[in-house]
Structure formats: structure tokens, C-alpha cells
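Peer 1: Handing you this structure, nothing more for now.
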Amino acid sequence: MTTQKELIEATELEKLKKYLSSKPRIIILAHAGPDGDTVGATLALHETFSNAGVDVKVACIDPIPTNLQFVPFTDRMQNDFNEDDFDAVFFVDCGARKMTKFQEYKERILSDKMVKLNLDHHPTNDKWGEINFVASHAASSTQIVFELLQKLEFKITPKIATCLLLGIYTDTGSFMHQNTTPSVYKAAAELMKLGANFSLIAKNVFRSNDFKVLKLWGKVLQNLYVTSDGAAIVGVNKKDYESLGAKREDLAGVIDYINSMPEAKYSVLLSEDEKGNVKASLRTRKPDVDVKALAEKFGGGGHVKASGFTIKDSRLEKEIKWKIVEK
Ligand SMILES: [Mn+2]
């Protein structure tokens with residue numbers, strides 16, 4: 001049995017307890033373009049902290065996506081706040097402060113006058129807070145929040161457990177990514193024991209696609225081809241999604257679906273964005289193929305098995321094959 005390193009450092013926990021006893025007014029911030037992890041983590045923190053009598057609010061600059069509207073407490077998420085009402089910012093799931101996108105409007109949140117709490121699992125997070133709960137070995141921020149709430153002995157209700165399980169589900173790709181460790185399964189099991197509603201999460205997040213998204217995916221799959229050297233390639237023009245009333249974001253996940261073909265050496269999804277650039281997502285399931293190196297040739301980057309790049313001021317043309325041309 002491997003012993004899993006703890007996610008919460010004792011010194012940081014003591015600092016937080018001491019700080020909370022000074023009755024601060026805290027604003028919890030999610031990152032812009034919110035995903036299941038940042039939404040679940042911030043709302044779970046908001047609920048437990050308020051139940052414990054902490055003066056706390058929660059905000060995200062962007063609206064919560066439709067498929068996450070089912071999450072408990074979403075009505076509390078503000079898209080703005082007054083800096084003077086707070087003493088501290090609790091950044092959640094933000095590798096860098098700018099990920100909240102609030103800094104352009106709120107200078108004080110970055111200033112030294114505001115105490116910064118930093119809870120995150122991104123490897124790039126260099127612990128810039130006054131109090132840090134940063135663990136890159138955690139699969140999700142919600143996993144860190146779960147451990148934090150247990151250590152603070154705050155009550156975890158079934159709704160809070162649902163928020164936390166959501167982040168674990170989404171950041172592990174429903175337990176399919178490499179970050180799915182024994183401790184992830186253990187946390188998920190404990191959250192279910194606490195009453196987390198996993199079928200609600202599965203139904204809304206992984207088994208819910210609207211008509212236009214299905215039509216778009218159909219179009220993408222229809223246009224897919226495999227090159228003579230075994231690359232599965234497809235391109236998506238702006239008009240492909242706009243004509244269906246869909247958005248480029250609706251393509252999220254389609255690359256992993258294409259990459260499910262065992263015979264493909266690697267997969268490439270090229271798509272035009274709204275700003276006149278072509279974006280490429282690359283995936284491979286072959287142990288000897290490095291798509292990061294390929295992306296780097298085009299000024300991009302990422303991981304060995306999943307990477308991407310952007311070609312600015314360009315569009316896609318399809319004759320027999322897709323090609324990227326200058327605008
Ligand atoms: Mn995350």
C-alpha cells in the first residue's frame with residue numbers, strides 16, 4: 001500500500017485557523033471560464049465557511065456554463081464585487097492570480113493590502129499566497145478542499161459532497177485520466193458516503209449534449225480522414241459551428257473521441273476561432289509518439305500525449321485535405 005502524501009500542510013492549516021479567528025471578510029474567487037473543479041470547489045467552500053459563521057462571498061467573472069447549472073448553490077455566484085467589502089481573497093484552482101481575470105478591474109485584490117489565500121493543484125503554482133494549500137499531486141482543487149474541510153472539522157452536507165465530487169469527476173475525466181490515483185477513488189468513496197449525488201453529476205456533465213452540439217460533432221466526424229502516415233485529421237471552419245448556432249467551445253471533447261481510434265498514430269483537430277486564428281489540438285495513444293514535440297514545431301506546447309498550437313491570422317481551406325492559409 002502506497003502512502004499518499006497529504007494535501008494540506010499543518011503549518012498552513014494553523015495559519016488559516018488563526019486568520020479565521022480574526023473574523024476577516026473573505027471573497028472566494030473561481031477562475032474565468034469556470035469548469036467543474038473551480039465551480040465545485042468555490043461553492044463548497046462558500047457553503048461550509050458560511051455555515052461556520054465566516055463572513056464570505058463567492059465570485060466568478062464569467063457565467064457558470066449551462067451544464068453546471070444543476071450544481072447546488074450556483075445562485076450565490078456573483079460576477080462582480082466591491083473590493084472595499086473584503087479583507088482577503090481566496091483564489092481557488094488558479095495557477096496564477098490573473099486566471100480570475102478580475103485584476104483589470106480590481107487592483108486592490110492583487111495589492112498587499114488584501115490577504116491572499118491560495119488553494120490549487122496546478123504544477124505552475126509557486127505558492128504566491130500568504131496562506132497556501134497548493135498540492136500538484138492532487139487530481140483536483142476539490143480534492144484539496146475536501147481534505148481542508150475535514151481538517152477544519154467543518155460539516156460536509158450531501159450538497160457540499162456533490163460539489164466536491166463534481167470537481168473530482170471533471171478533472172479526472174470521469175476517472176480516466178492518469179491523475180486517477182488510489183486517493184482519488186478513496187475521496188470519491190468518502191464523498192458518496194457523505195451523500196454526494198453521483199448520478200446527477202454523470203447525467204448533467206457526461207450524458208448531456210444538446211441538439212446543435214450533436215449535429216456539430218456529426219459534421220466533424222463526417223469530415224474526418226486518415227493520412228497515409230496514419231494521422232487522423234479533421235478541420236472545422238467558423239461557419240461549420242456558426243451555421244448550427246454552436247460555439248467553438250462545443251468542440252471540447254471531440255478530439256478525445258477521434259483519438260479513440262486504435263489505428264490512428266495521432267489525431268489532429270484544426271478549428272477556426274472567433275478571432276481569425278486556427279487552433280490545433282493534438283492527441284496520441286501510441287507510446288512512441290510525442291505530440292508535444294510536434295506542437296512545439298508550430299510554436300505550441302503541452303504534454304507528450306496531448307498538446308496544441310495556434311496559427312495567428314489564418315483560416316482553414318479544404319480541397320482534398322485541410323490546409324491552413326493566411327487570412
Ligand atoms: Mn482544477
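Please note that chains go A, B, ... in the order of the C-alpha cells, that every chain numbers its residues from 1, and that ligands are numbered from 1 in the order shown.
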Quick one: everything within 12 Å of segment 20-24 of chain A, counting only C-alpha atoms, minus sequence neighbours fewer than 5 positions away in the same chain. Send it as an mmCIF file with C-alpha atoms, in the first residue's frame.
Peer 2:
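Output (selection-v3.cif):
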```cif
data_model
loop_
_atom_site.group_PDB
_atom_site.id
_atom_site.type_symbol
_atom_site.label_atom_id
_atom_site.label_comp_id
_atom_site.auth_asym_id
_atom_site.auth_seq_id
_atom_site.Cartn_x
_atom_site.Cartn_y
_atom_site.Cartn_z
ATOM 1 C CA LEU A 13 -3.720 24.925 8.349
ATOM 2 C CA GLU A 14 -2.694 26.566 11.621
ATOM 3 C CA LYS A 15 -2.188 29.882 9.815
ATOM 4 C CA PHE A 49 -17.453 28.684 5.572
ATOM 5 C CA SER A 50 -20.803 30.471 5.832
ATOM 6 C CA ALA A 52 -19.246 28.024 10.231
ATOM 7 C CA GLY A 53 -20.022 31.725 10.666
ATOM 8 C CA VAL A 54 -17.286 33.108 8.403
ATOM 9 C CA ASP A 55 -18.146 36.331 6.542
ATOM 10 C CA VAL A 56 -17.733 35.125 2.964
ATOM 11 C CA LYS A 57 -18.892 35.732 -0.615
ATOM 12 C CA ASP A 85 -16.077 44.991 1.376
ATOM 13 C CA PHE A 86 -13.279 42.457 1.855
ATOM 14 C CA ASP A 87 -10.008 41.870 3.701
ATOM 15 C CA ALA A 88 -8.887 38.723 1.922
ATOM 16 C CA VAL A 89 -9.158 36.932 -1.411
ATOM 17 C CA PHE A 90 -9.348 33.164 -1.536
ATOM 18 C CA MET A 114 -5.532 42.111 0.681
ATOM 19 C CA VAL A 115 -4.513 38.851 2.325
ATOM 20 C CA LYS A 116 -4.196 36.191 -0.339
ATOM 21 C CA LEU A 117 -5.278 32.602 0.241
ATOM 22 C CA ILE A 131 -1.573 31.027 3.150
ATOM 23 C CA LEU A 152 -11.127 22.192 9.903
#
```
Peer 1: Go through the chains and note each residue within 6 Å of ligand 1, using only C-alpha atoms and all ligand atoms, then give the set as number ranges by chain.
Peer 2: A: 37, 93, 140-141, 171
Peer 1: How far is it from atom CA of Asn125 of chain A to atom CA of Thr66 of chain A, in Å with one decimal?
Peer 2: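 Atom-to-atom, atom CA of Asn125 of chain A to atom CA of Thr66 of chain A, that is 28.7 Å.
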Peer 1: Using DSSP on the backbone coordinates, identify the residues of segment 112-193 of chain A assigned to strand (DSSP E); present them as a list in words.
Peer 2: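 Strand (DSSP E) assignments inside segment 112-193 of chain A correspond to Val115, Lys116, Leu117, Asn118, Leu119, Asp120, Ile131, Asn132, Phe133 and Val134 of chain A.
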Peer 1: Taking the DSSP secondary structure from the backbone, can you list the residues of segment 41-197 of chain A that are helix (DSSP H, G or I), as a VMD selection string?
Peer 2: chain A and resid 41 to 51 66 to 68 74 to 76 83 to 85 97 to 100 108 to 110 141 to 151 158 to 171 182 to 193
Peer 1: Which is closer to Ala246 of chain A than all the others in A:Lys203, A:Lys212, A:Lys106, A:Lys101, using only C-alpha atoms?
Peer 2: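 Closest residue, counting only C-alpha atoms: A:Lys212.
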Peer 1: Do you know which residues are at most 12 Å from Val304 of chain A counting only C-alpha atoms, after dropping those on the same chain fewer than 5 positions away, and could you put them as a ChimeraX atom specification?
Peer 2: /A:266,282-296
Peer 1: Can you spit out the residues from that selection as a PDB file, in the first residue's frame, using C-alpha atoms?
Peer 2:
```pdb
ATOM      1  CA  TYR A 266      -2.073  10.545 -33.639  1.00  0.00           C
ATOM      2  CA  LEU A 282      -3.289  17.051 -30.878  1.00  0.00           C
ATOM      3  CA  ARG A 283      -3.640  13.700 -29.136  1.00  0.00           C
ATOM      4  CA  THR A 284      -1.978  10.320 -29.359  1.00  0.00           C
ATOM      5  CA  ARG A 285      -2.453   6.962 -27.699  1.00  0.00           C
ATOM      6  CA  LYS A 286       0.757   5.451 -29.100  1.00  0.00           C
ATOM      7  CA  PRO A 287       3.569   5.043 -26.545  1.00  0.00           C
ATOM      8  CA  ASP A 288       6.245   6.055 -29.080  1.00  0.00           C
ATOM      9  CA  VAL A 289       4.566   9.214 -30.425  1.00  0.00           C
ATOM     10  CA  ASP A 290       5.280  12.625 -28.866  1.00  0.00           C
ATOM     11  CA  VAL A 291       2.683  15.222 -29.917  1.00  0.00           C
ATOM     12  CA  LYS A 292       4.271  17.851 -27.676  1.00  0.00           C
ATOM     13  CA  ALA A 293       7.338  17.886 -29.938  1.00  0.00           C
ATOM     14  CA  LEU A 294       5.052  18.218 -32.944  1.00  0.00           C
ATOM     15  CA  ALA A 295       3.142  21.140 -31.383  1.00  0.00           C
ATOM     16  CA  GLU A 296       6.407  22.865 -30.456  1.00  0.00           C
TER      17      GLU A 296
END
```
Peer 1: Rounded to one decimal place, report the atom CA of Gln178 of chain A-atom CA of Lys193 of chain A distance in Å.
Peer 2: 24.5 Å
Peer 1: When distances are computed from only C-alpha atoms, which of A:Ile8, A:Ile27, A:Leu270, A:Ala96 shows the smallest separation from Lys321 of chain A?
Peer 2: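 Ranking A:Ile8, A:Ile27, A:Leu270, A:Ala96 by distance to Lys321 of chain A, first place goes to A:Leu270.
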Peer 1: With a distance cut-off of 9 Å and only C-alpha atoms, select the neighbouring residues of Val234 of chain A, excluding the residue or stretch itself and same-chain residues fewer than 6 positions from it, and output the selection as a compact mmCIF listing (two decimals) with C-alpha atoms, in the first residue's frame.
Peer 2:
```txt
# COMPACT_ATOMS: atom_id res chain seq x y z
CA VAL A 220 -16.78 16.84 -37.61
CA LEU A 221 -16.84 13.04 -37.66
CA ASN A 223 -15.16 15.15 -42.38
CA LEU A 224 -12.53 13.05 -40.61
CA TYR A 225 -9.85 11.39 -42.71
CA VAL A 226 -6.68 9.41 -42.06
CA SER A 267 -5.11 12.81 -34.04
CA VAL A 268 -5.37 16.46 -35.01
CA LEU A 269 -8.38 18.76 -34.72
CA LEU A 270 -7.96 22.08 -36.55
CA SER A 271 -10.53 24.75 -35.85
CA LYS A 321 -7.20 17.82 -47.45
CA TRP A 322 -7.32 20.61 -44.90
```
Peer 1: Find the residues around Ala196 of chain A up to 8 Å (only C-alpha atoms counted), leave out those fewer than 6 positions away in its own chain, and share them as a VMD selection string.
Peer 2: chain A and resid 158 to 163 165
Peer 1: For atom CA of Lys219 of chain A and atom CA of Asn277 of chain A, quote the distance in Å rounded to one decimal.
Peer 2: 20.5 Å
Peer 1: Using only C-alpha atoms, which of the listed residues (A:Arg108, A:Arg76, A:Lys155, A:His121) sits closest to Leu7 of chain A?
Peer 2: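 Nearest candidate to Leu7 of chain A out of A:Arg108, A:Arg76, A:Lys155, A:His121: A:His121.
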Peer 1: Excluding same-chain residues fewer than 6 positions from Glu274 of chain A, what lies within 9 Å of it counting only C-alpha atoms, as a ChimeraX atom specification?
Peer 2: /A:238,247-248
Peer 1: Restricted to C-alpha atoms, what would the selected residues look like written as a compact mmCIF listing (two decimals), in the first residue's frame?
Peer 2:
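Output (result_27.txt):
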```
# COMPACT_ATOMS: atom_id res chain seq x y z
CA LYS A 238 -16.14 29.01 -38.26
CA LYS A 247 -19.73 27.79 -30.48
CA ARG A 248 -16.12 26.72 -30.83
```
Peer 1: Determine the nearest neighbour of Arg207 of chain A from the options A:Thr74, A:Gln69, A:Ser174, A:Asn82, counting only C-alpha atoms.
Peer 2: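 With only C-alpha atoms as the atom set, the closest residue is A:Ser174.
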Peer 1: Write out as a ChimeraX atom specification the residues lying within 7 Å of Gly276 of chain A, counting only C-alpha atoms and excluding same-chain residues fewer than 3 positions away.
Peer 2: /A:272-273,313-315
Peer 1: Out of A:Asn237, A:Thr180, A:Thr310, A:Asn51, which residue has the shortest atom-to-atom distance to Leu149 of chain A when counting only C-alpha atoms?
Peer 2: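 Residue with the minimum atom-to-atom distance to Leu149 of chain A: A:Asn51.
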